[in-house]
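Coordinates as given in work.csv (CSV, N, CA and C atoms):
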```csv
chain,number,residue,atom,x,y,z
A,27,MET,N,109.4,75.4,123.1
A,27,MET,CA,110.1,76.5,122.5
A,27,MET,C,109.2,77.2,121.5
A,28,PRO,N,109.0,78.5,121.5
A,28,PRO,CA,108.2,79.2,120.6
A,28,PRO,C,108.8,79.2,119.2
A,29,SER,N,108.0,79.3,118.1
A,29,SER,CA,108.5,79.4,116.8
A,29,SER,C,109.2,80.7,116.5
A,30,PHE,N,110.0,80.7,115.4
A,30,PHE,CA,110.6,82.0,115.1
A,30,PHE,C,109.6,83.1,114.8
A,31,GLN,N,108.5,82.8,114.2
A,31,GLN,CA,107.5,83.8,113.9
A,31,GLN,C,106.9,84.3,115.1
A,32,GLU,N,106.7,83.5,116.1
A,32,GLU,CA,106.1,83.9,117.4
A,32,GLU,C,107.1,84.9,118.1
A,33,LEU,N,108.3,84.5,118.1
A,33,LEU,CA,109.4,85.4,118.7
A,33,LEU,C,109.5,86.7,118.0
A,34,GLU,N,109.5,86.6,116.7
A,34,GLU,CA,109.6,87.8,115.8
A,34,GLU,C,108.4,88.8,116.2
A,35,LEU,N,107.2,88.3,116.3
A,35,LEU,CA,106.1,89.1,116.7
A,35,LEU,C,106.2,89.7,118.1
A,36,ASP,N,106.7,88.8,119.0
A,36,ASP,CA,107.0,89.3,120.4
A,36,ASP,C,108.0,90.5,120.3
A,37,VAL,N,109.1,90.3,119.6
A,37,VAL,CA,110.1,91.4,119.5
A,37,VAL,C,109.5,92.7,118.9
A,38,LEU,N,108.7,92.5,117.9
A,38,LEU,CA,108.1,93.7,117.2
A,38,LEU,C,107.1,94.4,118.2
A,39,ARG,N,106.3,93.6,118.9
A,39,ARG,CA,105.4,94.2,120.0
A,39,ARG,C,106.2,94.9,121.0
A,40,TRP,N,107.3,94.3,121.5
A,40,TRP,CA,108.2,94.9,122.4
A,40,TRP,C,108.8,96.2,121.9
A,41,ALA,N,109.2,96.2,120.7
A,41,ALA,CA,109.8,97.5,120.1
A,41,ALA,C,108.7,98.5,119.9
A,42,GLU,N,107.5,98.2,119.6
A,42,GLU,CA,106.4,99.2,119.5
A,42,GLU,C,106.1,99.8,120.8
A,43,ALA,N,106.0,98.9,121.8
A,43,ALA,CA,105.7,99.4,123.2
A,43,ALA,C,106.7,100.3,123.7
A,44,ARG,N,107.9,100.2,123.3
A,44,ARG,CA,109.0,101.1,123.8
A,44,ARG,C,109.3,102.2,122.8
A,45,GLN,N,108.4,102.4,121.8
A,45,GLN,CA,108.5,103.5,120.9
A,45,GLN,C,109.8,103.4,120.0
A,46,ILE,N,110.4,102.2,119.9
A,46,ILE,CA,111.6,102.1,119.1
A,46,ILE,C,111.2,102.2,117.6
A,47,ILE,N,110.2,101.5,117.2
A,47,ILE,CA,109.9,101.6,115.8
A,47,ILE,C,109.4,102.9,115.3
A,48,PRO,N,108.5,103.6,116.0
A,48,PRO,CA,108.1,104.9,115.5
A,48,PRO,C,109.1,106.0,115.7
A,49,ASN,N,110.1,105.9,116.6
A,49,ASN,CA,111.0,107.0,117.0
A,49,ASN,C,112.4,106.7,116.5
A,50,SER,N,112.7,105.6,115.8
A,50,SER,CA,114.0,105.3,115.4
A,50,SER,C,114.0,105.3,113.9
A,51,SER,N,115.2,105.0,113.3
A,51,SER,CA,115.3,104.9,111.8
A,51,SER,C,116.1,103.7,111.4
A,52,SER,N,116.0,103.3,110.2
A,52,SER,CA,116.8,102.2,109.7
A,52,SER,C,118.3,102.4,109.9
A,53,GLN,N,118.8,103.7,109.7
A,53,GLN,CA,120.2,104.0,109.9
A,53,GLN,C,120.6,103.8,111.4
A,54,VAL,N,119.8,104.3,112.3
A,54,VAL,CA,120.1,104.1,113.7
A,54,VAL,C,120.1,102.6,114.1
A,55,GLN,N,119.2,101.8,113.5
A,55,GLN,CA,119.2,100.4,113.8
A,55,GLN,C,120.4,99.7,113.2
A,56,ALA,N,120.8,100.1,112.0
A,56,ALA,CA,122.0,99.6,111.4
A,56,ALA,C,123.2,99.8,112.3
A,57,LEU,N,123.3,101.0,112.9
A,57,LEU,CA,124.4,101.3,113.8
A,57,LEU,C,124.3,100.5,115.1
A,58,LYS,N,123.1,100.3,115.5
A,58,LYS,CA,122.9,99.5,116.7
A,58,LYS,C,123.3,98.0,116.4
A,59,LEU,N,123.1,97.6,115.2
A,59,LEU,CA,123.5,96.2,114.8
A,59,LEU,C,125.0,96.1,114.8
A,60,VAL,N,125.7,97.1,114.4
A,60,VAL,CA,127.2,97.1,114.4
A,60,VAL,C,127.7,97.0,115.8
A,61,SER,N,127.0,97.8,116.7
A,61,SER,CA,127.4,97.7,118.1
A,61,SER,C,127.2,96.3,118.7
A,62,GLU,N,126.0,95.7,118.4
A,62,GLU,CA,125.8,94.4,118.9
A,62,GLU,C,126.7,93.4,118.4
A,63,VAL,N,127.1,93.5,117.1
A,63,VAL,CA,128.1,92.6,116.5
A,63,VAL,C,129.4,92.8,117.2
A,64,GLY,N,129.8,94.0,117.5
A,64,GLY,CA,131.0,94.3,118.3
A,64,GLY,C,131.0,93.6,119.6
A,65,GLU,N,129.9,93.6,120.3
A,65,GLU,CA,129.8,92.9,121.6
A,65,GLU,C,129.9,91.4,121.4
A,66,LEU,N,129.3,90.9,120.3
A,66,LEU,CA,129.4,89.5,120.0
A,66,LEU,C,130.9,89.1,119.8
A,67,CYS,N,131.6,89.9,119.0
A,67,CYS,CA,133.0,89.6,118.7
A,67,CYS,C,133.8,89.6,120.0
A,68,ASP,N,133.5,90.6,120.9
A,68,ASP,CA,134.2,90.7,122.2
A,68,ASP,C,134.0,89.4,123.0
A,69,ALA,N,132.8,88.9,123.0
A,69,ALA,CA,132.4,87.7,123.7
A,69,ALA,C,133.1,86.5,123.1
A,70,LEU,N,133.2,86.4,121.8
A,70,LEU,CA,133.9,85.3,121.1
A,70,LEU,C,135.4,85.3,121.5
A,71,ILE,N,136.0,86.5,121.5
A,71,ILE,CA,137.4,86.6,121.8
A,71,ILE,C,137.7,86.1,123.2
A,72,LYS,N,136.7,86.5,124.1
A,72,LYS,CA,136.9,86.1,125.6
A,72,LYS,C,136.4,84.7,125.9
A,73,LYS,N,135.9,84.0,124.8
A,73,LYS,CA,135.3,82.7,125.0
A,73,LYS,C,134.2,82.7,126.1
A,74,ASP,N,133.4,83.7,126.0
A,74,ASP,CA,132.3,83.9,127.0
A,74,ASP,C,131.0,83.4,126.3
A,75,ARG,N,130.7,82.1,126.6
A,75,ARG,CA,129.5,81.5,125.9
A,75,ARG,C,128.2,82.3,126.2
A,76,ASP,N,128.0,82.7,127.4
A,76,ASP,CA,126.8,83.5,127.7
A,76,ASP,C,126.8,84.8,126.9
A,77,GLY,N,127.9,85.4,126.8
A,77,GLY,CA,128.0,86.6,126.0
A,77,GLY,C,127.8,86.4,124.5
A,78,VAL,N,128.2,85.3,124.0
A,78,VAL,CA,127.9,84.9,122.6
A,78,VAL,C,126.4,84.7,122.4
A,79,ILE,N,125.8,84.0,123.3
A,79,ILE,CA,124.4,83.8,123.2
A,79,ILE,C,123.6,85.1,123.3
A,80,ASP,N,124.0,86.0,124.2
A,80,ASP,CA,123.4,87.3,124.3
A,80,ASP,C,123.7,88.1,123.0
A,81,GLY,N,124.9,88.1,122.5
A,81,GLY,CA,125.2,88.9,121.4
A,81,GLY,C,124.5,88.4,120.1
A,82,LEU,N,124.4,87.1,119.9
A,82,LEU,CA,123.6,86.6,118.8
A,82,LEU,C,122.2,87.0,118.9
A,83,GLY,N,121.6,86.8,120.1
A,83,GLY,CA,120.2,87.2,120.3
A,83,GLY,C,119.9,88.7,120.1
A,84,ASP,N,120.8,89.5,120.7
A,84,ASP,CA,120.7,91.0,120.5
A,84,ASP,C,120.7,91.4,119.0
A,85,ALA,N,121.7,90.7,118.3
A,85,ALA,CA,121.8,91.0,116.9
A,85,ALA,C,120.5,90.6,116.1
A,86,LEU,N,120.0,89.5,116.5
A,86,LEU,CA,118.7,89.1,115.8
A,86,LEU,C,117.6,90.0,116.2
A,87,VAL,N,117.5,90.5,117.4
A,87,VAL,CA,116.4,91.5,117.8
A,87,VAL,C,116.6,92.7,116.9
A,88,VAL,N,117.8,93.2,116.7
A,88,VAL,CA,118.0,94.4,115.9
A,88,VAL,C,117.6,94.1,114.4
A,89,LEU,N,118.0,93.0,113.9
A,89,LEU,CA,117.7,92.6,112.6
A,89,LEU,C,116.2,92.5,112.3
A,90,ILE,N,115.5,92.0,113.3
A,90,ILE,CA,114.0,91.9,113.2
A,90,ILE,C,113.4,93.3,113.1
A,91,ILE,N,113.9,94.2,114.0
A,91,ILE,CA,113.4,95.5,114.0
A,91,ILE,C,113.7,96.2,112.7
A,92,LEU,N,115.0,96.1,112.2
A,92,LEU,CA,115.4,96.7,111.0
A,92,LEU,C,114.7,96.2,109.8
A,93,ALA,N,114.5,94.9,109.7
A,93,ALA,CA,113.7,94.4,108.6
A,93,ALA,C,112.3,94.9,108.6
A,94,ASP,N,111.7,95.0,109.7
A,94,ASP,CA,110.3,95.5,109.8
A,94,ASP,C,110.3,97.0,109.4
A,95,MET,N,111.3,97.8,109.8
A,95,MET,CA,111.3,99.2,109.4
A,95,MET,C,111.5,99.3,107.9
A,96,GLU,N,112.1,98.4,107.2
A,96,GLU,CA,112.3,98.4,105.8
A,96,GLU,C,111.2,97.6,105.1
A,97,ARG,N,110.2,97.2,105.8
A,97,ARG,CA,109.0,96.5,105.3
A,97,ARG,C,109.5,95.2,104.6
A,98,LEU,N,110.4,94.5,105.3
A,98,LEU,CA,111.0,93.3,104.8
A,98,LEU,C,110.7,92.2,105.8
A,99,ASP,N,110.6,91.0,105.4
A,99,ASP,CA,110.5,89.8,106.2
A,99,ASP,C,111.9,89.2,106.3
A,100,LEU,N,112.3,89.0,107.6
A,100,LEU,CA,113.7,88.5,107.8
A,100,LEU,C,113.9,87.1,107.2
A,101,LEU,N,112.9,86.3,107.4
A,101,LEU,CA,113.0,84.9,106.8
A,101,LEU,C,113.1,84.9,105.3
A,102,SER,N,112.4,85.9,104.7
A,102,SER,CA,112.5,86.0,103.2
A,102,SER,C,113.8,86.5,102.8
A,103,CYS,N,114.4,87.4,103.6
A,103,CYS,CA,115.8,87.9,103.3
A,103,CYS,C,116.8,86.7,103.4
A,104,LEU,N,116.6,85.9,104.5
A,104,LEU,CA,117.4,84.7,104.6
A,104,LEU,C,117.3,83.7,103.5
A,105,GLU,N,116.1,83.5,103.0
A,105,GLU,CA,115.8,82.6,101.9
A,105,GLU,C,116.5,83.2,100.6
A,106,SER,N,116.4,84.5,100.4
A,106,SER,CA,117.0,85.1,99.3
A,106,SER,C,118.5,85.0,99.3
A,107,ALA,N,119.1,85.2,100.5
A,107,ALA,CA,120.6,85.0,100.6
A,107,ALA,C,121.0,83.6,100.4
A,108,TYR,N,120.2,82.6,100.9
A,108,TYR,CA,120.5,81.2,100.7
A,108,TYR,C,120.5,80.9,99.2
A,109,ASN,N,119.4,81.3,98.6
A,109,ASN,CA,119.3,81.0,97.1
A,109,ASN,C,120.4,81.6,96.3
A,110,GLU,N,121.0,82.7,96.8
A,110,GLU,CA,122.1,83.3,96.1
A,110,GLU,C,123.4,82.5,96.3
A,111,ILE,N,123.6,81.8,97.4
A,111,ILE,CA,124.8,81.1,97.7
A,111,ILE,C,124.7,79.6,97.5
A,112,LYS,N,123.5,79.0,97.5
A,112,LYS,CA,123.4,77.6,97.6
A,112,LYS,C,124.2,76.8,96.5
A,113,ASP,N,124.4,77.4,95.4
A,113,ASP,CA,125.1,76.6,94.3
A,113,ASP,C,126.6,77.0,94.2
A,114,ARG,N,127.0,77.8,95.1
A,114,ARG,CA,128.5,78.2,95.0
A,114,ARG,C,129.3,77.0,95.4
A,115,ARG,N,130.4,76.9,94.8
A,115,ARG,CA,131.4,75.8,95.1
A,115,ARG,C,132.7,76.4,95.6
A,116,GLY,N,133.3,75.7,96.5
A,116,GLY,CA,134.6,76.1,97.0
A,116,GLY,C,134.8,75.6,98.4
A,117,THR,N,135.9,75.9,99.0
A,117,THR,CA,136.2,75.5,100.3
A,117,THR,C,137.0,76.6,101.1
A,118,LEU,N,136.7,76.6,102.4
A,118,LEU,CA,137.5,77.5,103.3
A,118,LEU,C,138.7,76.8,103.7
A,119,GLN,N,139.8,77.5,103.4
A,119,GLN,CA,141.2,77.0,103.8
A,119,GLN,C,141.5,77.2,105.3
A,120,ALA,N,142.4,76.5,105.8
A,120,ALA,CA,142.8,76.7,107.2
A,120,ALA,C,143.2,78.1,107.5
A,121,ASN,N,143.7,78.8,106.5
A,121,ASN,CA,144.2,80.2,106.8
A,121,ASN,C,143.0,81.2,106.7
A,122,GLY,N,141.8,80.7,106.5
A,122,GLY,CA,140.6,81.6,106.4
A,122,GLY,C,140.3,82.1,105.0
A,123,VAL,N,141.0,81.7,104.0
A,123,VAL,CA,140.8,82.2,102.7
A,123,VAL,C,139.8,81.2,102.0
A,124,PHE,N,138.7,81.7,101.4
A,124,PHE,CA,137.8,80.9,100.7
A,124,PHE,C,138.2,80.8,99.3
A,125,ILE,N,138.4,79.6,98.8
A,125,ILE,CA,138.8,79.3,97.4
A,125,ILE,C,137.5,79.0,96.6
A,126,LYS,N,137.1,79.9,95.7
A,126,LYS,CA,136.0,79.6,94.9
A,126,LYS,C,136.3,78.6,93.8
A,127,GLU,N,135.3,77.9,93.4
A,127,GLU,CA,135.5,77.0,92.2
A,127,GLU,C,134.4,77.4,91.2
A,128,THR,N,134.7,77.1,90.0
A,128,THR,CA,133.7,77.3,88.9
A,128,THR,C,133.9,76.3,87.9
A,129,LEU,N,132.9,76.1,87.0
A,129,LEU,CA,133.1,75.2,85.9
A,129,LEU,C,133.6,76.0,84.7
A,130,THR,N,134.5,75.5,83.9
A,130,THR,CA,134.9,76.1,82.7
A,130,THR,C,133.8,76.0,81.7
A,131,MET,N,133.7,76.9,80.7
A,131,MET,CA,132.7,76.9,79.7
A,131,MET,C,132.8,75.7,78.8
A,132,GLU,N,134.0,75.2,78.6
A,132,GLU,CA,134.2,74.2,77.6
A,132,GLU,C,134.1,72.7,78.2
A,133,ALA,N,134.5,72.6,79.4
A,133,ALA,CA,134.5,71.2,80.0
A,133,ALA,C,134.0,71.2,81.4
A,134,ASP,N,133.5,70.0,81.8
A,134,ASP,CA,133.0,69.9,83.1
A,134,ASP,C,134.1,69.6,84.1
A,135,VAL,N,135.0,70.5,84.3
A,135,VAL,CA,136.2,70.4,85.1
A,135,VAL,C,136.1,71.5,86.2
A,136,ARG,N,136.2,71.2,87.4
A,136,ARG,CA,136.2,72.2,88.5
A,136,ARG,C,137.6,72.9,88.5
A,137,VAL,N,137.6,74.2,88.6
A,137,VAL,CA,138.9,74.9,88.6
A,137,VAL,C,138.8,75.9,89.7
A,138,SER,N,139.8,75.8,90.6
A,138,SER,CA,140.0,76.8,91.6
A,138,SER,C,140.4,78.1,90.9
A,139,LEU,N,139.7,79.2,91.3
A,139,LEU,CA,140.0,80.5,90.7
A,139,LEU,C,141.5,80.9,91.0
A,140,ASN,N,142.0,80.5,92.1
A,140,ASN,CA,143.4,80.8,92.4
A,140,ASN,C,144.4,80.1,91.5
A,141,ASP,N,143.9,78.9,91.0
A,141,ASP,CA,144.8,78.1,90.2
A,141,ASP,C,144.6,78.1,88.7
A,142,ALA,N,143.6,78.9,88.3
A,142,ALA,CA,143.2,79.0,86.9
A,142,ALA,C,144.4,79.5,86.0
A,143,THR,N,144.5,78.9,84.9
A,143,THR,CA,145.5,79.4,83.9
A,143,THR,C,144.8,80.6,83.2
A,144,PRO,N,145.6,81.4,82.5
A,144,PRO,CA,145.1,82.5,81.7
A,144,PRO,C,144.0,82.1,80.7
A,145,GLU,N,144.2,80.9,80.1
A,145,GLU,CA,143.1,80.4,79.2
A,145,GLU,C,141.8,80.1,79.9
A,146,GLN,N,142.0,79.5,81.1
A,146,GLN,CA,140.8,79.2,81.9
A,146,GLN,C,140.1,80.5,82.3
A,147,TRP,N,140.9,81.5,82.7
A,147,TRP,CA,140.3,82.8,83.1
A,147,TRP,C,139.5,83.4,81.9
A,148,ASP,N,140.0,83.3,80.7
A,148,ASP,CA,139.3,83.8,79.5
A,148,ASP,C,138.0,83.0,79.4
A,149,GLN,N,138.0,81.7,79.6
A,149,GLN,CA,136.7,80.9,79.5
A,149,GLN,C,135.7,81.3,80.6
A,150,ILE,N,136.2,81.5,81.8
A,150,ILE,CA,135.3,81.8,82.9
A,150,ILE,C,134.7,83.2,82.7
A,151,ARG,N,135.4,84.1,82.2
A,151,ARG,CA,134.8,85.5,82.0
A,151,ARG,C,133.8,85.4,80.8
```

Same coordinates, now as structure tokens:
Amino acid sequence: MPSFQELELDVLRWAEARQIIPNSSSQVQALKLVSEVGELCDALIKKDRDGVIDGLGDALVVLIILADMERLDLLSCLESAYNEIKDRRGTLQANGVFIKETLTMEADVRVSLNDATPEQWDQIR
């Protein structure tokens, strides 16, 4: 299996050869990404595994092209996003609601933001 970097370069060469990069824009690619994510959602709803694979791949292709147009490296963007979230605490509930946790300023006690008292909110702010 080729590395991500090899596939990324293949995608960019493909996009160049088809004049996508010189003749498109970041805005157009962002709209294309929304379209691909819509197709992915459709495949998920239909439990179409091949469609999910295609949708995820198509979205990645568009993200690679968009990142290149913005002179960004997609893996660097991923690393930046991970560094932003890696220390977040909380849990996703069965109903789809993510409950964030934070430490109070005064004590090493984890408090769910949904359950915080007014005094704890004052300390968190």

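If you look at atom N of A:Ile91 and atom C of A:Lys58, they are 10.4 Å away from each other.
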
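Using only C-alpha atoms, the shortest contact distance between A:Leu57 and any of A:Leu118, A:Val88, A:Ala93, A:Cys103 is found at A:Val88.
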
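The coordinates place atom N of A:Leu92 at 8.9 Å from atom N of A:Gln53.
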
Residues of stretch 27-144 of chain A classed as helix (DSSP H, G or I) by DSSP on the backbone are to be reported as a short mmCIF file (atom, residue, chain, number, x, y, z; two decimals) with N, CA and C atoms, keeping the file's coordinate frame.
```
data_model
loop_
_atom_site.label_atom_id
_atom_site.label_comp_id
_atom_site.auth_asym_id
_atom_site.auth_seq_id
_atom_site.Cartn_x
_atom_site.Cartn_y
_atom_site.Cartn_z
N PHE A 30 110.00 80.70 115.40
CA PHE A 30 110.60 82.00 115.10
C PHE A 30 109.60 83.10 114.80
N GLN A 31 108.50 82.80 114.20
CA GLN A 31 107.50 83.80 113.90
C GLN A 31 106.90 84.30 115.10
N GLU A 32 106.70 83.50 116.10
CA GLU A 32 106.10 83.90 117.40
C GLU A 32 107.10 84.90 118.10
N LEU A 33 108.30 84.50 118.10
CA LEU A 33 109.40 85.40 118.70
C LEU A 33 109.50 86.70 118.00
N GLU A 34 109.50 86.60 116.70
CA GLU A 34 109.60 87.80 115.80
C GLU A 34 108.40 88.80 116.20
N LEU A 35 107.20 88.30 116.30
CA LEU A 35 106.10 89.10 116.70
C LEU A 35 106.20 89.70 118.10
N ASP A 36 106.70 88.80 119.00
CA ASP A 36 107.00 89.30 120.40
C ASP A 36 108.00 90.50 120.30
N VAL A 37 109.10 90.30 119.60
CA VAL A 37 110.10 91.40 119.50
C VAL A 37 109.50 92.70 118.90
N LEU A 38 108.70 92.50 117.90
CA LEU A 38 108.10 93.70 117.20
C LEU A 38 107.10 94.40 118.20
N ARG A 39 106.30 93.60 118.90
CA ARG A 39 105.40 94.20 120.00
C ARG A 39 106.20 94.90 121.00
N TRP A 40 107.30 94.30 121.50
CA TRP A 40 108.20 94.90 122.40
C TRP A 40 108.80 96.20 121.90
N ALA A 41 109.20 96.20 120.70
CA ALA A 41 109.80 97.50 120.10
C ALA A 41 108.70 98.50 119.90
N GLU A 42 107.50 98.20 119.60
CA GLU A 42 106.40 99.20 119.50
C GLU A 42 106.10 99.80 120.80
N ALA A 43 106.00 98.90 121.80
CA ALA A 43 105.70 99.40 123.20
C ALA A 43 106.70 100.30 123.70
N ILE A 46 110.40 102.20 119.90
CA ILE A 46 111.60 102.10 119.10
C ILE A 46 111.20 102.20 117.60
N ILE A 47 110.20 101.50 117.20
CA ILE A 47 109.90 101.60 115.80
C ILE A 47 109.40 102.90 115.30
N PRO A 48 108.50 103.60 116.00
CA PRO A 48 108.10 104.90 115.50
C PRO A 48 109.10 106.00 115.70
N ASN A 49 110.10 105.90 116.60
CA ASN A 49 111.00 107.00 117.00
C ASN A 49 112.40 106.70 116.50
N SER A 52 116.00 103.30 110.20
CA SER A 52 116.80 102.20 109.70
C SER A 52 118.30 102.40 109.90
N GLN A 53 118.80 103.70 109.70
CA GLN A 53 120.20 104.00 109.90
C GLN A 53 120.60 103.80 111.40
N VAL A 54 119.80 104.30 112.30
CA VAL A 54 120.10 104.10 113.70
C VAL A 54 120.10 102.60 114.10
N GLN A 55 119.20 101.80 113.50
CA GLN A 55 119.20 100.40 113.80
C GLN A 55 120.40 99.70 113.20
N ALA A 56 120.80 100.10 112.00
CA ALA A 56 122.00 99.60 111.40
C ALA A 56 123.20 99.80 112.30
N LEU A 57 123.30 101.00 112.90
CA LEU A 57 124.40 101.30 113.80
C LEU A 57 124.30 100.50 115.10
N LYS A 58 123.10 100.30 115.50
CA LYS A 58 122.90 99.50 116.70
C LYS A 58 123.30 98.00 116.40
N LEU A 59 123.10 97.60 115.20
CA LEU A 59 123.50 96.20 114.80
C LEU A 59 125.00 96.10 114.80
N VAL A 60 125.70 97.10 114.40
CA VAL A 60 127.20 97.10 114.40
C VAL A 60 127.70 97.00 115.80
N SER A 61 127.00 97.80 116.70
CA SER A 61 127.40 97.70 118.10
C SER A 61 127.20 96.30 118.70
N GLU A 62 126.00 95.70 118.40
CA GLU A 62 125.80 94.40 118.90
C GLU A 62 126.70 93.40 118.40
N VAL A 63 127.10 93.50 117.10
CA VAL A 63 128.10 92.60 116.50
C VAL A 63 129.40 92.80 117.20
N GLY A 64 129.80 94.00 117.50
CA GLY A 64 131.00 94.30 118.30
C GLY A 64 131.00 93.60 119.60
N GLU A 65 129.90 93.60 120.30
CA GLU A 65 129.80 92.90 121.60
C GLU A 65 129.90 91.40 121.40
N LEU A 66 129.30 90.90 120.30
CA LEU A 66 129.40 89.50 120.00
C LEU A 66 130.90 89.10 119.80
N CYS A 67 131.60 89.90 119.00
CA CYS A 67 133.00 89.60 118.70
C CYS A 67 133.80 89.60 120.00
N ASP A 68 133.50 90.60 120.90
CA ASP A 68 134.20 90.70 122.20
C ASP A 68 134.00 89.40 123.00
N ALA A 69 132.80 88.90 123.00
CA ALA A 69 132.40 87.70 123.70
C ALA A 69 133.10 86.50 123.10
N LEU A 70 133.20 86.40 121.80
CA LEU A 70 133.90 85.30 121.10
C LEU A 70 135.40 85.30 121.50
N ILE A 71 136.00 86.50 121.50
CA ILE A 71 137.40 86.60 121.80
C ILE A 71 137.70 86.10 123.20
N ARG A 75 130.70 82.10 126.60
CA ARG A 75 129.50 81.50 125.90
C ARG A 75 128.20 82.30 126.20
N ASP A 76 128.00 82.70 127.40
CA ASP A 76 126.80 83.50 127.70
C ASP A 76 126.80 84.80 126.90
N GLY A 77 127.90 85.40 126.80
CA GLY A 77 128.00 86.60 126.00
C GLY A 77 127.80 86.40 124.50
N VAL A 78 128.20 85.30 124.00
CA VAL A 78 127.90 84.90 122.60
C VAL A 78 126.40 84.70 122.40
N ILE A 79 125.80 84.00 123.30
CA ILE A 79 124.40 83.80 123.20
C ILE A 79 123.60 85.10 123.30
N ASP A 80 124.00 86.00 124.20
CA ASP A 80 123.40 87.30 124.30
C ASP A 80 123.70 88.10 123.00
N GLY A 81 124.90 88.10 122.50
CA GLY A 81 125.20 88.90 121.40
C GLY A 81 124.50 88.40 120.10
N LEU A 82 124.40 87.10 119.90
CA LEU A 82 123.60 86.60 118.80
C LEU A 82 122.20 87.00 118.90
N GLY A 83 121.60 86.80 120.10
CA GLY A 83 120.20 87.20 120.30
C GLY A 83 119.90 88.70 120.10
N ASP A 84 120.80 89.50 120.70
CA ASP A 84 120.70 91.00 120.50
C ASP A 84 120.70 91.40 119.00
N ALA A 85 121.70 90.70 118.30
CA ALA A 85 121.80 91.00 116.90
C ALA A 85 120.50 90.60 116.10
N LEU A 86 120.00 89.50 116.50
CA LEU A 86 118.70 89.10 115.80
C LEU A 86 117.60 90.00 116.20
N VAL A 87 117.50 90.50 117.40
CA VAL A 87 116.40 91.50 117.80
C VAL A 87 116.60 92.70 116.90
N VAL A 88 117.80 93.20 116.70
CA VAL A 88 118.00 94.40 115.90
C VAL A 88 117.60 94.10 114.40
N LEU A 89 118.00 93.00 113.90
CA LEU A 89 117.70 92.60 112.60
C LEU A 89 116.20 92.50 112.30
N ILE A 90 115.50 92.00 113.30
CA ILE A 90 114.00 91.90 113.20
C ILE A 90 113.40 93.30 113.10
N ILE A 91 113.90 94.20 114.00
CA ILE A 91 113.40 95.50 114.00
C ILE A 91 113.70 96.20 112.70
N LEU A 92 115.00 96.10 112.20
CA LEU A 92 115.40 96.70 111.00
C LEU A 92 114.70 96.20 109.80
N ALA A 93 114.50 94.90 109.70
CA ALA A 93 113.70 94.40 108.60
C ALA A 93 112.30 94.90 108.60
N ASP A 94 111.70 95.00 109.70
CA ASP A 94 110.30 95.50 109.80
C ASP A 94 110.30 97.00 109.40
N MET A 95 111.30 97.80 109.80
CA MET A 95 111.30 99.20 109.40
C MET A 95 111.50 99.30 107.90
N LEU A 100 112.30 89.00 107.60
CA LEU A 100 113.70 88.50 107.80
C LEU A 100 113.90 87.10 107.20
N LEU A 101 112.90 86.30 107.40
CA LEU A 101 113.00 84.90 106.80
C LEU A 101 113.10 84.90 105.30
N SER A 102 112.40 85.90 104.70
CA SER A 102 112.50 86.00 103.20
C SER A 102 113.80 86.50 102.80
N CYS A 103 114.40 87.40 103.60
CA CYS A 103 115.80 87.90 103.30
C CYS A 103 116.80 86.70 103.40
N LEU A 104 116.60 85.90 104.50
CA LEU A 104 117.40 84.70 104.60
C LEU A 104 117.30 83.70 103.50
N GLU A 105 116.10 83.50 103.00
CA GLU A 105 115.80 82.60 101.90
C GLU A 105 116.50 83.20 100.60
N SER A 106 116.40 84.50 100.40
CA SER A 106 117.00 85.10 99.30
C SER A 106 118.50 85.00 99.30
N ALA A 107 119.10 85.20 100.50
CA ALA A 107 120.60 85.00 100.60
C ALA A 107 121.00 83.60 100.40
N TYR A 108 120.20 82.60 100.90
CA TYR A 108 120.50 81.20 100.70
C TYR A 108 120.50 80.90 99.20
N ASN A 109 119.40 81.30 98.60
CA ASN A 109 119.30 81.00 97.10
C ASN A 109 120.40 81.60 96.30
N GLU A 110 121.00 82.70 96.80
CA GLU A 110 122.10 83.30 96.10
C GLU A 110 123.40 82.50 96.30
N ILE A 111 123.60 81.80 97.40
CA ILE A 111 124.80 81.10 97.70
C ILE A 111 124.70 79.60 97.50
N PRO A 144 145.60 81.40 82.50
CA PRO A 144 145.10 82.50 81.70
C PRO A 144 144.00 82.10 80.70
#
```

Provide the atom CA of A:Leu100 to atom CA of A:Leu35 distance in Å, to one decimal place.
-> 11.7 Å

DSSP-assigned strand (DSSP E) members of stretch 49-144 of chain A, reported as a PyMOL selection string | chain A and resi 115-118+124-129+136-138

Counting only C-alpha atoms, what is within 12 Å of A:Asp94, bar same-chain residues fewer than 3 positions away, as a ChimeraX atom specification?
-> /A:34-35,37-39,41-42,46-48,50-52,55,87-91,97-103

Output, as lines of an AutoDock Vina configuration file, the centre and edge lengths in Å (one decimal) of the axis-aligned box that contains all listed atoms of stretch 81-90 of chain A with 6 Å of margin on each side.
```
center_x = 119.3
center_y = 90.5
center_z = 117.4
size_x = 23.8
size_y = 19.8
size_z = 22.2
```

List the neighbours of A:Glu62 out to 6.5 Å using all atoms listed in the file; skip same-chain residues closer than 3 positions along the sequence, and give me the result as a PyMOL selection string.
-> chain A and resi 57-59+65-67+81+84-85

Identify which of the residues A:Leu33, A:Asp74, A:Ala56, A:Glu127 lies closest to A:Arg114, counting only C-alpha atoms when measuring atom-to-atom distances.
->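 Of A:Leu33, A:Asp74, A:Ala56, A:Glu127, the one nearest A:Arg114 is A:Glu127, counting only C-alpha atoms.
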